[in-house]
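Inspection log for the structure reproduced underneath, given as structure tokens.
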Amino acid sequence: MTVSSELIDEVVQIVMRELSLLPADGTAAPNSAAGAVNLPHRVITESVLAGENTSDRTIKIATGAVITPSGKDYIRRHGIIVSNESNTPPNNSIDGVVLVVGDTKRVSAPAASAGWTVARATGNFDAANQVAQRRHHQPAVCCSAQPSIIACLVNRNTQRRAAVITSQTCLSELLREMNPDTVCLSTAGWSFAELLRMLKQLSERGRAVPADWKELV
């Protein structure tokens with residue numbers, strides 16, 4: 001039996017009404033930043049996104065919120081950036097960020113599912129600068145048509161360790177051997193499932209940098 005996304009959304013809406021998952025007044029909380037839309041809903045559907053005028057904007061969702069299949073499609077189609085920032089983030093939050101040079105549509109949905117923030121970079125140098133401003137234990141993924149350039153720029157900073165990967169890279173082996181805190185890639189050819197799996201693997205990486213790690217030139 002094939003279950004359509006429309007049927008899933010219909011079931012979700014029924015459950016939401018029954019369990020009163022929506023805020024008491026039925027509206028979204030006030031925006032916490034200019035241009036951003038704070039969505040307190042526990043289940044994010046296409047109708048929720050459309051009703052809050054989220055196209056081409058950043059939305060902030062609660063930790064643990066679920067995005068339905070049609071919601072993910074809506075996010076991709078309308079260039080929405082998803083952030084899982086909450087008013088009281090847990091102390092053990094991975095605090096990962098996906099920096100994108102160009103279109104964010106491909107990475108927004110998997111990043112939201114993995115609990116990562118998506119941010120735009122104006123170019124390769126800007127992406128590397130944003131990585132440099134983050135603490136070492138905060139992982140970053142840089143998406144660009146020229147990922148090797150970003151990796152080289154990031155590795156000029158002795159506090160960061162960047163590596164270039166593709167969808168064919170054995171990430172578990174790479175993490176074991178190099179333990180980078182930043183990976184750089186071109187999203188072309190990556191599926192939603194592959195991006196999500198990659199982000200989850202990075203979330204579980206160890207914190208220590210190998211003492212004998214050296215950049216190969």
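We label chains A, B, ... in the order they appear in the structure tokens, count residues from 1 in each chain, and number ligands from 1 in the order shown.
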
Using only C-alpha atoms, which protein or nucleic acid residues come within 12 Å of Val82 in chain A? Drop anything in the same chain fewer than 2 positions from it, and give the result as a PyMOL selection string. chain A and resi 36-39+44+49+54-63+65+67+71-72+74-76+78-80+84-85+97-98+104-120

Would you write out those residues with C-alpha atoms, as a short mmCIF file (atom, residue, chain, number, x, y, z; two decimals), in the first residue's frame?
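Written output follows (again.cif):
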```cif
data_model
loop_
_atom_site.label_atom_id
_atom_site.label_comp_id
_atom_site.auth_asym_id
_atom_site.auth_seq_id
_atom_site.Cartn_x
_atom_site.Cartn_y
_atom_site.Cartn_z
CA ALA A 36 12.64 35.54 10.56
CA VAL A 37 9.43 33.72 11.39
CA ASN A 38 9.24 31.88 14.71
CA LEU A 39 7.06 28.75 14.40
CA ILE A 44 5.30 21.79 10.42
CA LEU A 49 4.27 27.36 6.19
CA THR A 54 7.44 32.07 4.94
CA SER A 55 8.56 32.14 1.30
CA ASP A 56 12.23 33.20 0.88
CA ARG A 57 12.56 33.77 4.62
CA THR A 58 14.18 32.11 7.61
CA ILE A 59 11.94 30.09 9.91
CA LYS A 60 12.83 29.13 13.45
CA ILE A 61 11.33 25.89 14.68
CA ALA A 62 11.27 24.31 18.12
CA THR A 63 13.76 21.58 18.97
CA ALA A 65 9.61 19.70 15.75
CA ILE A 67 8.43 18.59 9.24
CA GLY A 71 6.35 20.74 4.36
CA LYS A 72 9.82 19.70 3.18
CA TYR A 74 7.36 23.55 0.31
CA ILE A 75 10.67 24.52 1.95
CA ARG A 76 12.64 23.41 -1.12
CA HIS A 78 10.20 28.46 -1.79
CA GLY A 79 13.85 28.88 -0.76
CA ILE A 80 13.14 28.80 2.97
CA ASN A 84 16.10 25.02 14.93
CA GLU A 85 17.03 27.81 17.34
CA VAL A 97 25.81 25.09 10.70
CA VAL A 98 25.52 24.48 6.96
CA THR A 104 19.98 26.77 -0.03
CA LYS A 105 16.95 24.76 -1.22
CA ARG A 106 18.73 21.43 -1.50
CA VAL A 107 20.09 21.49 2.06
CA SER A 108 17.32 23.22 4.05
CA ALA A 109 15.15 20.15 4.64
CA PRO A 110 17.91 17.66 5.62
CA ALA A 111 19.55 20.30 7.82
CA ALA A 112 16.28 20.91 9.65
CA SER A 113 15.77 17.18 10.15
CA ALA A 114 19.29 16.83 11.60
CA GLY A 115 18.92 19.88 13.84
CA TRP A 116 21.46 22.03 11.97
CA THR A 117 21.20 25.72 11.11
CA VAL A 118 21.46 26.91 7.49
CA ALA A 119 23.20 30.19 6.65
CA ARG A 120 24.11 31.87 3.38
#
```

Polymer residues at most 12 Å from Gly189 in chain A, only C-alpha atoms, same-chain spacing of 4 or more positions, as number ranges by chain: A: 106, 145, 166-168, 185, 193-195

Dump of C-alpha atoms for the selected residues, as an mmCIF file, in the first residue's frame:
```
data_model
loop_
_atom_site.group_PDB
_atom_site.id
_atom_site.type_symbol
_atom_site.label_atom_id
_atom_site.label_comp_id
_atom_site.auth_asym_id
_atom_site.auth_seq_id
_atom_site.Cartn_x
_atom_site.Cartn_y
_atom_site.Cartn_z
ATOM 1 C CA ARG A 106 18.732 21.427 -1.499
ATOM 2 C CA ALA A 145 30.616 24.718 -6.457
ATOM 3 C CA THR A 166 31.740 13.660 -2.111
ATOM 4 C CA SER A 167 28.700 11.408 -1.903
ATOM 5 C CA GLN A 168 31.085 8.463 -2.459
ATOM 6 C CA LEU A 185 31.221 19.648 -0.627
ATOM 7 C CA ALA A 193 18.886 10.828 2.592
ATOM 8 C CA GLU A 194 22.627 11.123 1.886
ATOM 9 C CA LEU A 195 22.802 14.693 3.158
#
```

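Taking only C-alpha atoms, the non-local environment of range 130-140 of chain A within 9 Å (same-chain residues fewer than 3 positions away omitted) comprises Ile94, Asp95, Gly96, Val97, Val98, Leu99, Ala121, Phe125, Asp126, Ala127, Val154, Asn157, Gln159, Arg160, Arg161, Pro180, Asp181, Thr182, Val183, Cys184, Leu202, Ser203, Arg207 and Ala208 of chain A.
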
Taking the DSSP secondary structure from the backbone, can you list the residues of range 36-106 of chain A that are strand (DSSP E or B), as a list in words? Ala36, Val37, Asn38, Leu39, Val43, Ile44, Thr58, Ile59, Lys60, Ile61, Val66, Ile67, Ile81, Val82, Ser83, Val97, Val98, Leu99, Val100 and Val101 of chain A

Determine which residues of range 43-147 of chain A DSSP labels as alpha helix (DSSP H) from the backbone of this structure, then write them out as a PyMOL selection string. chain A and resi 46-51+69-77+105-114+124-132+147

For a quick check of understanding, using only C-alpha atoms, which of A:Leu199, A:Val43, A:Ile150, A:Ala188 has the smallest distance to Leu171 in chain A? A:Leu199

Write out as a list in words each polymer residue whose atoms come within 10 Å of Cys152 in chain A, counting only C-alpha atoms; drop sequence neighbours fewer than 5 positions from it. Ala128, Pro147, Asn157, Arg161, Ala162, Ala163, Val164, Cys184, Glu215 and Val217 of chain A

Between CA of Arg197 in chain A and CA of Ser144 in chain A lies a distance of 18.9 Å

Tell me which of A:Thr158, A:Asn53, A:Gln201, A:Ser191 sits closest to Arg176 in chain A, counting only C-alpha atoms. A:Gln201
